[in-house]
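Visitor: Next up, entry01.txt (compact mmCIF, C-alpha atoms).
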```txt
# COMPACT_ATOMS: atom_id res chain seq x y z
CA MET A 23 6.84 14.73 15.91
CA LYS A 24 7.25 11.09 14.84
CA ILE A 25 8.69 10.27 11.44
CA VAL A 26 7.91 6.88 9.92
CA GLU A 27 10.28 5.91 7.12
CA CYS A 28 8.65 3.89 4.33
CA PRO A 29 11.26 2.09 2.18
CA ARG A 30 8.69 -0.58 1.30
CA ASP A 31 6.49 2.10 -0.22
CA ALA A 32 9.50 3.60 -1.99
CA TRP A 33 10.72 0.47 -3.69
CA GLN A 34 7.47 -1.33 -4.48
CA GLY A 35 7.18 0.79 -7.63
CA ILE A 36 10.77 0.14 -8.78
CA PRO A 37 10.55 -2.23 -11.78
CA GLY A 38 13.83 -4.11 -11.42
CA PHE A 39 13.91 -6.54 -8.51
CA ILE A 40 16.15 -5.18 -5.76
CA PRO A 41 18.26 -8.07 -4.39
CA THR A 42 17.48 -9.06 -0.83
CA GLU A 43 21.05 -8.32 0.28
CA VAL A 44 20.79 -4.76 -1.05
CA LYS A 45 17.50 -4.20 0.76
CA ALA A 46 18.97 -5.62 3.96
CA ALA A 47 22.05 -3.38 3.80
CA TYR A 48 19.85 -0.33 3.25
CA LEU A 49 17.42 -1.22 6.03
CA ASN A 50 20.26 -1.86 8.48
CA LEU A 51 21.49 1.66 7.79
CA LEU A 52 17.98 3.06 8.32
CA LEU A 53 17.76 1.22 11.64
CA LYS A 54 20.68 3.32 12.91
CA VAL A 55 19.07 6.67 12.01
CA GLY A 56 16.53 6.80 14.84
CA PHE A 57 13.16 6.68 13.07
CA ASP A 58 10.15 5.83 15.21
CA THR A 59 9.04 3.11 12.79
CA ILE A 60 10.24 1.65 9.48
CA ASP A 61 7.63 0.30 7.06
CA PHE A 62 10.00 -2.29 5.62
CA GLY A 63 8.04 -5.04 3.86
CA SER A 64 4.79 -6.79 2.99
CA PHE A 65 3.31 -10.22 3.40
CA VAL A 66 1.11 -10.09 0.32
CA SER A 67 0.74 -12.04 -2.91
CA PRO A 68 4.06 -12.19 -4.81
CA ALA A 69 2.07 -11.82 -8.02
CA ALA A 70 0.58 -8.54 -6.83
CA MET A 71 3.75 -7.10 -5.28
CA PRO A 72 6.80 -8.99 -6.61
CA GLN A 73 9.26 -6.44 -5.21
CA VAL A 74 8.49 -7.51 -1.62
CA ARG A 75 8.24 -11.26 -2.17
CA ASP A 76 11.40 -11.73 -0.08
CA THR A 77 10.13 -10.06 3.11
CA ALA A 78 10.28 -13.26 5.19
CA VAL A 79 13.93 -13.83 4.27
CA LEU A 80 14.74 -10.13 4.59
CA THR A 81 13.43 -10.02 8.15
CA GLY A 82 16.07 -12.47 9.29
CA LEU A 83 18.87 -10.30 7.89
CA LEU A 84 18.04 -7.21 9.92
CA ASP A 85 20.03 -6.14 12.96
CA LEU A 86 17.89 -4.48 15.61
CA THR A 87 20.67 -4.38 18.19
CA GLY A 88 20.76 -1.07 20.03
CA THR A 89 17.76 0.50 18.26
CA ASP A 90 14.30 1.44 19.49
CA THR A 91 13.00 1.70 15.93
CA ARG A 92 10.03 -0.58 15.30
CA LEU A 93 9.53 -2.64 12.14
CA LEU A 94 6.15 -2.55 10.40
CA ALA A 95 4.96 -4.95 7.70
CA ILE A 96 1.89 -4.48 5.51
CA VAL A 97 -0.66 -7.27 5.01
CA ALA A 98 -3.84 -7.56 2.97
CA ASN A 99 -5.59 -10.43 4.75
CA GLU A 100 -5.49 -12.82 7.68
CA ARG A 101 -3.03 -15.17 5.96
CA GLY A 102 -0.47 -12.39 5.56
CA ALA A 103 -1.00 -11.28 9.16
CA ALA A 104 -0.43 -14.84 10.39
CA GLU A 105 2.82 -15.01 8.42
CA ALA A 106 4.03 -11.68 9.78
CA SER A 107 3.07 -12.47 13.37
CA VAL A 108 5.61 -15.29 13.73
CA PHE A 109 8.54 -12.89 13.43
CA GLY A 110 9.64 -11.44 16.75
CA GLN A 111 11.46 -8.61 14.94
CA ILE A 112 8.17 -7.23 13.59
CA ALA A 113 6.41 -4.97 16.10
CA CYS A 114 3.61 -3.59 13.93
CA ILE A 115 1.30 -4.99 11.29
CA GLY A 116 -0.26 -2.53 8.88
CA PHE A 117 -3.54 -3.00 7.05
CA PRO A 118 -4.91 -0.69 4.32
CA PHE A 119 -8.61 -0.05 4.91
CA SER A 120 -10.08 2.15 2.22
CA VAL A 121 -13.03 4.50 2.68
CA SER A 122 -13.51 4.10 -1.09
CA GLU A 123 -15.26 0.85 -2.01
CA THR A 124 -13.72 0.92 -5.48
CA PHE A 125 -10.18 1.17 -4.18
CA GLN A 126 -10.70 -1.49 -1.51
CA LEU A 127 -11.69 -3.89 -4.26
CA ARG A 128 -8.70 -2.90 -6.37
CA ASN A 129 -6.21 -3.02 -3.53
CA THR A 130 -7.25 -6.11 -1.54
CA ARG A 131 -9.91 -7.69 -3.78
CA SER A 132 -12.49 -7.40 -1.05
CA THR A 133 -15.39 -5.13 -0.14
CA MET A 134 -15.25 -2.72 2.76
CA GLU A 135 -17.59 -4.98 4.71
CA THR A 136 -15.39 -8.02 4.14
CA SER A 137 -12.30 -5.98 4.96
CA PHE A 138 -13.82 -4.84 8.23
CA GLY A 139 -14.21 -8.50 9.20
CA ARG A 140 -10.60 -9.11 8.24
CA VAL A 141 -9.47 -6.20 10.40
CA ALA A 142 -11.36 -7.63 13.37
CA ALA A 143 -9.66 -11.01 12.91
CA ILE A 144 -6.22 -9.43 12.46
CA GLN A 145 -6.68 -7.30 15.59
CA GLU A 146 -7.49 -10.45 17.58
CA LEU A 147 -4.33 -12.06 16.19
CA CYS A 148 -2.29 -8.99 17.14
CA ASP A 149 -3.68 -9.11 20.68
CA ARG A 150 -2.62 -12.76 20.99
CA THR A 151 0.87 -12.25 19.54
CA GLY A 152 1.80 -8.90 21.07
CA LYS A 153 1.79 -6.92 17.81
CA GLU A 154 0.34 -3.48 17.20
CA LEU A 155 -2.13 -3.12 14.33
CA VAL A 156 -1.72 0.13 12.41
CA LEU A 157 -4.73 1.00 10.26
CA TYR A 158 -4.08 2.94 7.07
CA ILE A 159 -7.20 4.82 5.98
CA SER A 160 -6.69 4.68 2.21
CA MET A 161 -8.27 7.40 0.05
CA GLY A 162 -8.72 9.32 3.30
CA PHE A 163 -8.86 12.72 1.61
CA GLY A 164 -11.01 11.82 -1.40
CA ASN A 165 -10.78 9.48 -4.36
CA PRO A 166 -10.73 9.65 -8.18
CA TYR A 167 -13.54 7.11 -8.61
CA GLY A 168 -16.58 9.16 -7.67
CA ASP A 169 -17.18 7.22 -4.45
CA SER A 170 -18.81 9.20 -1.67
CA TRP A 171 -16.29 10.95 0.58
CA SER A 172 -16.33 13.51 3.37
CA PRO A 173 -14.51 14.06 6.68
CA GLU A 174 -17.61 12.60 8.32
CA VAL A 175 -17.19 9.36 6.33
CA VAL A 176 -13.59 9.10 7.52
CA SER A 177 -14.63 9.81 11.11
CA TYR A 178 -17.37 7.16 10.94
CA TRP A 179 -14.93 4.45 9.90
CA VAL A 180 -12.22 5.47 12.37
CA GLU A 181 -14.77 5.26 15.19
CA LYS A 182 -15.99 1.85 14.01
CA LEU A 183 -12.47 0.48 13.62
CA ALA A 184 -11.27 1.95 16.93
CA ALA A 185 -14.08 0.04 18.65
CA LEU A 186 -12.15 -3.12 17.73
CA GLY A 187 -9.29 -1.96 19.96
CA ILE A 188 -7.08 -0.32 17.31
CA ARG A 189 -5.24 2.73 18.58
CA THR A 190 -3.02 3.86 15.69
CA PHE A 191 -4.34 5.21 12.40
CA SER A 192 -2.58 6.78 9.43
CA VAL A 193 -4.84 8.70 7.05
CA ALA A 194 -3.50 8.22 3.52
CA ASP A 195 -3.55 10.62 0.61
CA THR A 196 -3.27 7.62 -1.67
CA VAL A 197 -3.13 9.35 -5.06
CA GLY A 198 -1.99 12.78 -3.95
CA LEU A 199 -5.38 14.46 -4.43
CA ALA A 200 -5.52 16.28 -1.11
CA GLY A 201 -5.07 19.99 -0.72
CA ALA A 202 -4.61 21.91 2.48
CA ALA A 203 -8.37 22.36 2.87
CA GLU A 204 -9.12 18.62 2.77
CA VAL A 205 -6.21 17.81 5.08
CA SER A 206 -7.28 20.43 7.59
CA ALA A 207 -10.93 19.33 7.44
CA VAL A 208 -10.09 15.69 8.17
CA PHE A 209 -7.62 16.25 10.99
CA THR A 210 -9.58 19.01 12.72
CA GLN A 211 -12.48 16.56 12.87
CA LEU A 212 -10.57 13.42 13.85
CA ILE A 213 -8.00 14.59 16.38
CA PRO A 214 -10.34 16.37 18.85
CA ALA A 215 -12.94 13.61 18.48
CA PHE A 216 -10.50 10.78 19.27
CA PRO A 217 -7.95 12.10 21.80
CA ASP A 218 -6.95 8.56 22.85
CA LEU A 219 -5.90 7.58 19.32
CA GLU A 220 -2.66 8.29 17.51
CA ILE A 221 -3.68 9.68 14.14
CA GLY A 222 -1.00 10.27 11.54
CA GLY A 223 -0.71 11.30 7.93
CA HIS A 224 0.63 9.30 4.99
CA PHE A 225 0.81 11.80 2.16
CA HIS A 226 1.71 11.32 -1.46
CA ALA A 227 2.73 14.63 -2.93
CA THR A 228 4.66 16.44 -5.62
CA PRO A 229 7.72 18.49 -4.65
CA LEU A 230 5.52 21.59 -4.86
CA SER A 231 2.61 20.34 -2.73
CA TRP A 232 4.23 18.54 0.20
CA ARG A 233 4.52 21.55 2.48
CA GLU A 234 0.90 22.71 2.33
CA LYS A 235 -0.28 19.20 3.25
CA THR A 236 2.25 18.75 6.03
CA GLU A 237 1.63 22.18 7.50
CA ALA A 238 -2.17 21.80 7.39
CA ALA A 239 -1.94 18.46 9.21
CA TYR A 240 0.53 19.79 11.77
CA ARG A 241 -1.58 22.89 12.49
CA ALA A 242 -4.55 20.58 13.08
CA GLY A 243 -2.62 18.57 15.67
CA CYS A 244 -1.07 15.72 13.66
CA ARG A 245 2.32 14.64 14.99
CA ARG A 246 2.92 11.37 13.10
CA PHE A 247 4.12 11.64 9.49
CA ASP A 248 5.20 9.03 6.94
CA GLY A 249 7.92 9.78 4.43
CA ALA A 250 10.49 8.17 2.16
CA ILE A 251 14.02 9.26 1.41
CA LEU A 252 14.13 11.39 -1.77
CA GLY A 253 10.34 11.19 -2.05
CA TYR A 254 10.12 7.89 -3.89
CA GLY A 255 7.10 5.60 -3.76
CA GLY A 256 3.37 5.64 -4.25
CA CYS A 257 0.64 3.03 -4.56
CA PRO A 258 0.81 1.01 -7.80
CA MET A 259 -2.72 -0.30 -7.16
CA ALA A 260 -4.21 3.20 -7.28
CA GLN A 261 -3.41 4.59 -10.72
CA ASP A 262 -0.88 4.37 -13.54
CA GLU A 263 1.09 7.51 -12.69
CA LEU A 264 2.59 7.20 -9.24
CA VAL A 265 2.78 10.25 -6.99
CA GLY A 266 5.68 9.84 -4.59
CA ASN A 267 5.81 10.00 -0.82
CA ILE A 268 6.78 13.19 0.94
CA ALA A 269 10.57 13.25 1.04
CA THR A 270 11.86 12.46 4.51
CA GLU A 271 14.41 15.23 4.04
CA ASN A 272 11.53 17.70 3.84
CA LEU A 273 9.84 16.28 6.94
CA VAL A 274 13.08 16.57 8.90
CA ALA A 275 13.52 20.20 7.83
CA PHE A 276 9.89 20.95 8.66
CA ALA A 277 10.24 19.40 12.13
CA ARG A 278 13.24 21.60 12.83
CA GLN A 279 11.39 24.71 11.69
CA MET A 280 8.53 23.85 14.03
CA GLY A 281 10.94 23.48 16.95
CA GLU A 282 10.27 19.76 17.29
CA LEU A 283 12.91 17.68 19.05
CA ASN A 284 14.65 15.70 16.33
CA CYS A 285 16.50 12.60 17.48
CA LEU A 286 17.62 11.41 14.04
CA ASP A 287 21.35 10.83 13.66
CA PRO A 288 22.47 13.12 10.79
CA ALA A 289 25.55 11.09 9.87
CA CYS A 290 23.59 7.82 9.70
CA PHE A 291 20.87 9.60 7.74
CA ARG A 292 23.38 10.79 5.14
CA GLU A 293 24.81 7.29 4.88
CA ALA A 294 21.35 5.85 4.25
CA GLN A 295 20.66 8.51 1.61
CA ALA A 296 23.89 7.63 -0.18
CA CYS A 297 23.06 3.92 -0.11
CA PHE A 298 19.60 4.55 -1.53
CA SER A 299 20.93 6.76 -4.32
CA GLU A 300 23.90 4.58 -5.23
CA TYR A 301 22.54 1.07 -4.84
CA VAL A 302 18.76 0.88 -4.50
CA LEU A 303 17.98 3.26 -7.35
CA GLY A 304 20.29 1.26 -9.59
CA PHE A 305 17.37 -1.12 -10.15
CA ALA A 306 14.90 1.61 -11.13
CA SER A 307 15.38 1.24 -14.89
```
Spell out the structure here as structure tokens.

Guide:
Amino acid sequence: MKIVECPRDAWQGIPGFIPTEVKAAYLNLLLKVGFDTIDFGSFVSPAAMPQVRDTAVLTGLLDLTGTDTRLLAIVANERGAAEASVFGQIACIGFPFSVSETFQLRNTRSTMETSFGRVAAIQELCDRTGKELVLYISMGFGNPYGDSWSPEVVSYWVEKLAALGIRTFSVADTVGLAGAAEVSAVFTQLIPAFPDLEIGGHFHATPLSWREKTEAAYRAGCRRFDGAILGYGGCPMAQDELVGNIATENLVAFARQMGELNCLDPACFREAQACFSEYVLGFAS
């Protein structure tokens, strides 16, 4: 069971700007924990996401010595992907492709059709530069806008995007709408249909709903899960009230209960938790 830590998602909703040095110190602790991937930054418009405007500088402050953890940066267009691709430290580039037309327009100011063209161009860039493109299927379990949704819609777009050569997808519960039934329906359709793809779950959840979503995905064959320490985060482009990520602490406990081999270093994990609580959250008010 892979755990992807998402500090970028956690701090993009924090109102006070977190100094670059604080972010770097926190990320360098996370790099010692043993996560499969860390979603650490974004190459997007500073006006849209001011909290991550320092990602280029931040990248140069990270120490990847002795770690197999991969760094992932989110982009919204070809320009951002080109910026991210020049950094050797970045292994993965993430792009949010929504199966809700309304949200795609809100999130990247482009239609689904235009975004599909962007994905094709970004995948070509990744092929040339040795990066892996990770596709986030936003609003993957439904949406609050009334746009048409079904597991079949999600499957259609995954198949179309996979034809471009993309092999890693993360289906996102962007506003925390999904219940166990929707999660099960999506993963029981996707995972058997696309055995050559890695299909994960990026869930936003309340402290009372995280387990039903995680368990439904796991029972359906999902083995890649995104989380954030203490459950912070959410998508500020989706709605006014943010619903946080699943707490990494809960994912770790769940993995142990399922008998999954857990390679995370507990002492380093506790140190990262303390840093987040003491320093990063100091800018939350």

Visitor: Go through A:Ile188, A:Ala98, A:Cys28, A:Ala306 one by one, measure the shortest atom-to-atom distance of each to Arg131 in chain A using all atoms listed in the file, and give the residue with the smallest value.

Guide: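 Among A:Ile188, A:Ala98, A:Cys28, A:Ala306, it is A:Ala98 that comes nearest to Arg131 in chain A.
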
Visitor: Could you tell me how far CA of Val26 in chain A sits from CA of Ile144 in chain A, in Å to one decimal place?

Guide: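 Separation between CA of Ile144 in chain A and CA of Val26 in chain A: 21.7 Å.
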
Visitor: Which of these, A:Ala238, A:Val176, A:Ile115, A:Ala184, has the shortest distance to Val205 in chain A once you count all atoms listed in the file?

Guide: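 For Val205 in chain A, the nearest of the candidates is A:Ala238.
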
Visitor: I'd like the contact shell of Pro41 in chain A - 10 Å cut-off, all atoms listed in the file, skipping same-chain residues fewer than 5 positions apart - returned as a ChimeraX atom specification.

Guide: /A:46,73,76,80,302,305

Visitor: My list of candidates is A:Val79, A:Leu155, A:Met23, A:Cys290. Which is closest to Val274 in chain A when distances are computed with all atoms listed in the file?

Guide: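 Residue with the minimum atom-to-atom distance to Val274 in chain A: A:Met23.
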
Visitor: My list of candidates is A:Pro166, A:Ala275, A:Val108, A:Cys148. Which is closest to Glu123 in chain A when distances are computed with all atoms listed in the file?

Guide: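 Of the candidates, the smallest distance to Glu123 in chain A is held by A:Pro166.
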
Visitor: From the options A:Ala142, A:Leu157, A:Leu127, A:Cys244, which residue's atoms come nearest to Cys114 in chain A, counting all atoms listed in the file?

Guide: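 The closest residue to Cys114 in chain A is A:Leu157.
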
Visitor: Smallest atom-to-atom distance to Gly139 in chain A: which of A:Asn99, A:Val193, A:Ala104, A:Asp169, using only C-alpha atoms?

Guide: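 Of all the options, A:Asn99 lies closest to Gly139 in chain A.
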
Visitor: Write out as a list in words each polymer residue whose atoms come within 8 Å of Trp33 in chain A, counting all atoms listed in the file; drop sequence neighbours fewer than 3 positions from it.

Guide: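 The residues satisfying every condition are Pro29, Arg30, Ile36, Gln73, Tyr254 and Gly255 of chain A.
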
Visitor: Please identify all polymer residues lying at most 12 Å from the point (-17.1, 16.8, 3.6) (file coordinates), using all atoms listed in the file, and present the result as a list in words.

Guide: Gly162, Phe163, Gly164, Ser170, Trp171, Ser172, Pro173, Glu174, Val175, Val176, Ser177, Ala203, Glu204, Val205, Ser206, Ala207, Val208 and Gln211 of chain A

Visitor: In Å, with one decimal, what is the gap from CA of Ser122 in chain A to CA of Ile221 in chain A?

Guide: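 These atoms are spaced 19.0 Å apart.
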
Visitor: Measure the distance from CA of Phe117 in chain A to CA of Ile213 in chain A in Å and round it to one decimal.

Guide: 20.4 Å

Visitor: Mind checking which residues fall within 8 Å of Ala250 in chain A, counting only C-alpha atoms, ignoring those fewer than 2 positions away in the same chain, and posting them as a list in words?

Guide: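 Counting only C-alpha atoms, the residues come to Glu27, Cys28, Pro29, Asp31, Ala32, Asp248, Leu252, Gly253, Tyr254, Gly255, Asn267, Ile268, Ala269 and Thr270 of chain A.
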
Visitor: Env of Thr133 in chain A: 12 Å cut, atoms = all atoms listed in the file, seq-sep filter 3 positions within chain, self excluded. Answer as a ChimeraX atom specification.

Guide: /A:119-130,136-140

Visitor: Write out as a PyMOL selection string the residues lying within 7 Å of Arg92 in chain A, counting only C-alpha atoms and excluding same-chain residues fewer than 3 positions away.

Guide: chain A and resi 58-60+113

Visitor: Starting from the structure just given, write a file holding range 171-194 of chain A with N, CA, C and O atoms, as a PDB file, in the first residue's frame.

Guide:
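Listed below is the output, out.pdb:
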```pdb
ATOM      1  N   TRP A 171     -22.482  12.713 -14.129  1.00  0.00           N
ATOM      2  CA  TRP A 171     -21.427  11.885 -13.549  1.00  0.00           C
ATOM      3  C   TRP A 171     -21.917  10.450 -13.409  1.00  0.00           C
ATOM      4  O   TRP A 171     -23.093  10.196 -13.120  1.00  0.00           O
ATOM      5  N   SER A 172     -21.013   9.522 -13.604  1.00  0.00           N
ATOM      6  CA  SER A 172     -21.255   8.107 -13.337  1.00  0.00           C
ATOM      7  C   SER A 172     -19.907   7.408 -13.371  1.00  0.00           C
ATOM      8  O   SER A 172     -18.929   7.958 -13.914  1.00  0.00           O
ATOM      9  N   PRO A 173     -19.788   6.205 -12.825  1.00  0.00           N
ATOM     10  CA  PRO A 173     -18.535   5.453 -12.955  1.00  0.00           C
ATOM     11  C   PRO A 173     -18.135   5.251 -14.414  1.00  0.00           C
ATOM     12  O   PRO A 173     -16.947   5.211 -14.743  1.00  0.00           O
ATOM     13  N   GLU A 174     -19.147   5.144 -15.286  1.00  0.00           N
ATOM     14  CA  GLU A 174     -18.863   4.973 -16.715  1.00  0.00           C
ATOM     15  C   GLU A 174     -18.206   6.217 -17.307  1.00  0.00           C
ATOM     16  O   GLU A 174     -17.332   6.112 -18.189  1.00  0.00           O
ATOM     17  N   VAL A 175     -18.616   7.399 -16.853  1.00  0.00           N
ATOM     18  CA  VAL A 175     -17.991   8.650 -17.311  1.00  0.00           C
ATOM     19  C   VAL A 175     -16.520   8.669 -16.901  1.00  0.00           C
ATOM     20  O   VAL A 175     -15.636   9.013 -17.692  1.00  0.00           O
ATOM     21  N   VAL A 176     -16.248   8.291 -15.660  1.00  0.00           N
ATOM     22  CA  VAL A 176     -14.869   8.251 -15.175  1.00  0.00           C
ATOM     23  C   VAL A 176     -14.057   7.250 -15.994  1.00  0.00           C
ATOM     24  O   VAL A 176     -12.935   7.545 -16.439  1.00  0.00           O
ATOM     25  N   SER A 177     -14.616   6.080 -16.235  1.00  0.00           N
ATOM     26  CA  SER A 177     -13.928   5.048 -16.998  1.00  0.00           C
ATOM     27  C   SER A 177     -13.630   5.514 -18.423  1.00  0.00           C
ATOM     28  O   SER A 177     -12.545   5.258 -18.964  1.00  0.00           O
ATOM     29  N   TYR A 178     -14.581   6.218 -19.029  1.00  0.00           N
ATOM     30  CA  TYR A 178     -14.396   6.726 -20.393  1.00  0.00           C
ATOM     31  C   TYR A 178     -13.173   7.633 -20.465  1.00  0.00           C
ATOM     32  O   TYR A 178     -12.331   7.493 -21.364  1.00  0.00           O
ATOM     33  N   TRP A 179     -13.066   8.561 -19.502  1.00  0.00           N
ATOM     34  CA  TRP A 179     -11.965   9.513 -19.539  1.00  0.00           C
ATOM     35  C   TRP A 179     -10.640   8.863 -19.171  1.00  0.00           C
ATOM     36  O   TRP A 179      -9.587   9.207 -19.728  1.00  0.00           O
ATOM     37  N   VAL A 180     -10.631   7.932 -18.252  1.00  0.00           N
ATOM     38  CA  VAL A 180      -9.393   7.230 -17.919  1.00  0.00           C
ATOM     39  C   VAL A 180      -8.880   6.477 -19.146  1.00  0.00           C
ATOM     40  O   VAL A 180      -7.684   6.514 -19.456  1.00  0.00           O
ATOM     41  N   GLU A 181      -9.785   5.815 -19.855  1.00  0.00           N
ATOM     42  CA  GLU A 181      -9.365   5.089 -21.061  1.00  0.00           C
ATOM     43  C   GLU A 181      -8.792   6.040 -22.109  1.00  0.00           C
ATOM     44  O   GLU A 181      -7.752   5.764 -22.723  1.00  0.00           O
ATOM     45  N   LYS A 182      -9.449   7.181 -22.304  1.00  0.00           N
ATOM     46  CA  LYS A 182      -9.010   8.144 -23.307  1.00  0.00           C
ATOM     47  C   LYS A 182      -7.654   8.752 -22.930  1.00  0.00           C
ATOM     48  O   LYS A 182      -6.770   8.916 -23.775  1.00  0.00           O
ATOM     49  N   LEU A 183      -7.482   9.053 -21.650  1.00  0.00           N
ATOM     50  CA  LEU A 183      -6.231   9.646 -21.191  1.00  0.00           C
ATOM     51  C   LEU A 183      -5.102   8.615 -21.174  1.00  0.00           C
ATOM     52  O   LEU A 183      -3.945   8.929 -21.501  1.00  0.00           O
ATOM     53  N   ALA A 184      -5.412   7.381 -20.818  1.00  0.00           N
ATOM     54  CA  ALA A 184      -4.400   6.326 -20.809  1.00  0.00           C
ATOM     55  C   ALA A 184      -3.863   6.063 -22.211  1.00  0.00           C
ATOM     56  O   ALA A 184      -2.699   5.668 -22.377  1.00  0.00           O
ATOM     57  N   ALA A 185      -4.688   6.302 -23.218  1.00  0.00           N
ATOM     58  CA  ALA A 185      -4.253   6.109 -24.604  1.00  0.00           C
ATOM     59  C   ALA A 185      -3.125   7.067 -24.981  1.00  0.00           C
ATOM     60  O   ALA A 185      -2.417   6.839 -25.971  1.00  0.00           O
ATOM     61  N   LEU A 186      -2.947   8.131 -24.193  1.00  0.00           N
ATOM     62  CA  LEU A 186      -1.853   9.069 -24.432  1.00  0.00           C
ATOM     63  C   LEU A 186      -0.531   8.552 -23.871  1.00  0.00           C
ATOM     64  O   LEU A 186       0.516   9.162 -24.094  1.00  0.00           O
ATOM     65  N   GLY A 187      -0.594   7.452 -23.113  1.00  0.00           N
ATOM     66  CA  GLY A 187       0.613   6.889 -22.529  1.00  0.00           C
ATOM     67  C   GLY A 187       0.722   7.101 -21.029  1.00  0.00           C
ATOM     68  O   GLY A 187       1.732   6.736 -20.418  1.00  0.00           O
ATOM     69  N   ILE A 188      -0.308   7.668 -20.412  1.00  0.00           N
ATOM     70  CA  ILE A 188      -0.289   7.921 -18.964  1.00  0.00           C
ATOM     71  C   ILE A 188      -0.599   6.618 -18.240  1.00  0.00           C
ATOM     72  O   ILE A 188      -1.512   5.885 -18.620  1.00  0.00           O
ATOM     73  N   ARG A 189       0.148   6.361 -17.168  1.00  0.00           N
ATOM     74  CA  ARG A 189       0.000   5.087 -16.465  1.00  0.00           C
ATOM     75  C   ARG A 189      -0.389   5.234 -14.997  1.00  0.00           C
ATOM     76  O   ARG A 189      -0.678   4.243 -14.336  1.00  0.00           O
ATOM     77  N   THR A 190      -0.421   6.447 -14.463  1.00  0.00           N
ATOM     78  CA  THR A 190      -0.767   6.643 -13.061  1.00  0.00           C
ATOM     79  C   THR A 190      -1.907   7.648 -12.943  1.00  0.00           C
ATOM     80  O   THR A 190      -1.805   8.776 -13.438  1.00  0.00           O
ATOM     81  N   PHE A 191      -2.971   7.206 -12.279  1.00  0.00           N
ATOM     82  CA  PHE A 191      -4.150   8.046 -12.077  1.00  0.00           C
ATOM     83  C   PHE A 191      -4.495   8.065 -10.593  1.00  0.00           C
ATOM     84  O   PHE A 191      -4.334   7.072  -9.885  1.00  0.00           O
ATOM     85  N   SER A 192      -4.996   9.208 -10.134  1.00  0.00           N
ATOM     86  CA  SER A 192      -5.491   9.321  -8.768  1.00  0.00           C
ATOM     87  C   SER A 192      -6.889   9.928  -8.840  1.00  0.00           C
ATOM     88  O   SER A 192      -7.055  11.069  -9.267  1.00  0.00           O
ATOM     89  N   VAL A 193      -7.881   9.138  -8.464  1.00  0.00           N
ATOM     90  CA  VAL A 193      -9.270   9.594  -8.553  1.00  0.00           C
ATOM     91  C   VAL A 193      -9.568  10.426  -7.306  1.00  0.00           C
ATOM     92  O   VAL A 193      -9.416   9.959  -6.172  1.00  0.00           O
ATOM     93  N   ALA A 194     -10.004  11.669  -7.516  1.00  0.00           N
ATOM     94  CA  ALA A 194     -10.111  12.622  -6.414  1.00  0.00           C
ATOM     95  C   ALA A 194     -11.555  12.869  -5.996  1.00  0.00           C
ATOM     96  O   ALA A 194     -12.423  13.145  -6.822  1.00  0.00           O
TER      97      ALA A 194
END
```
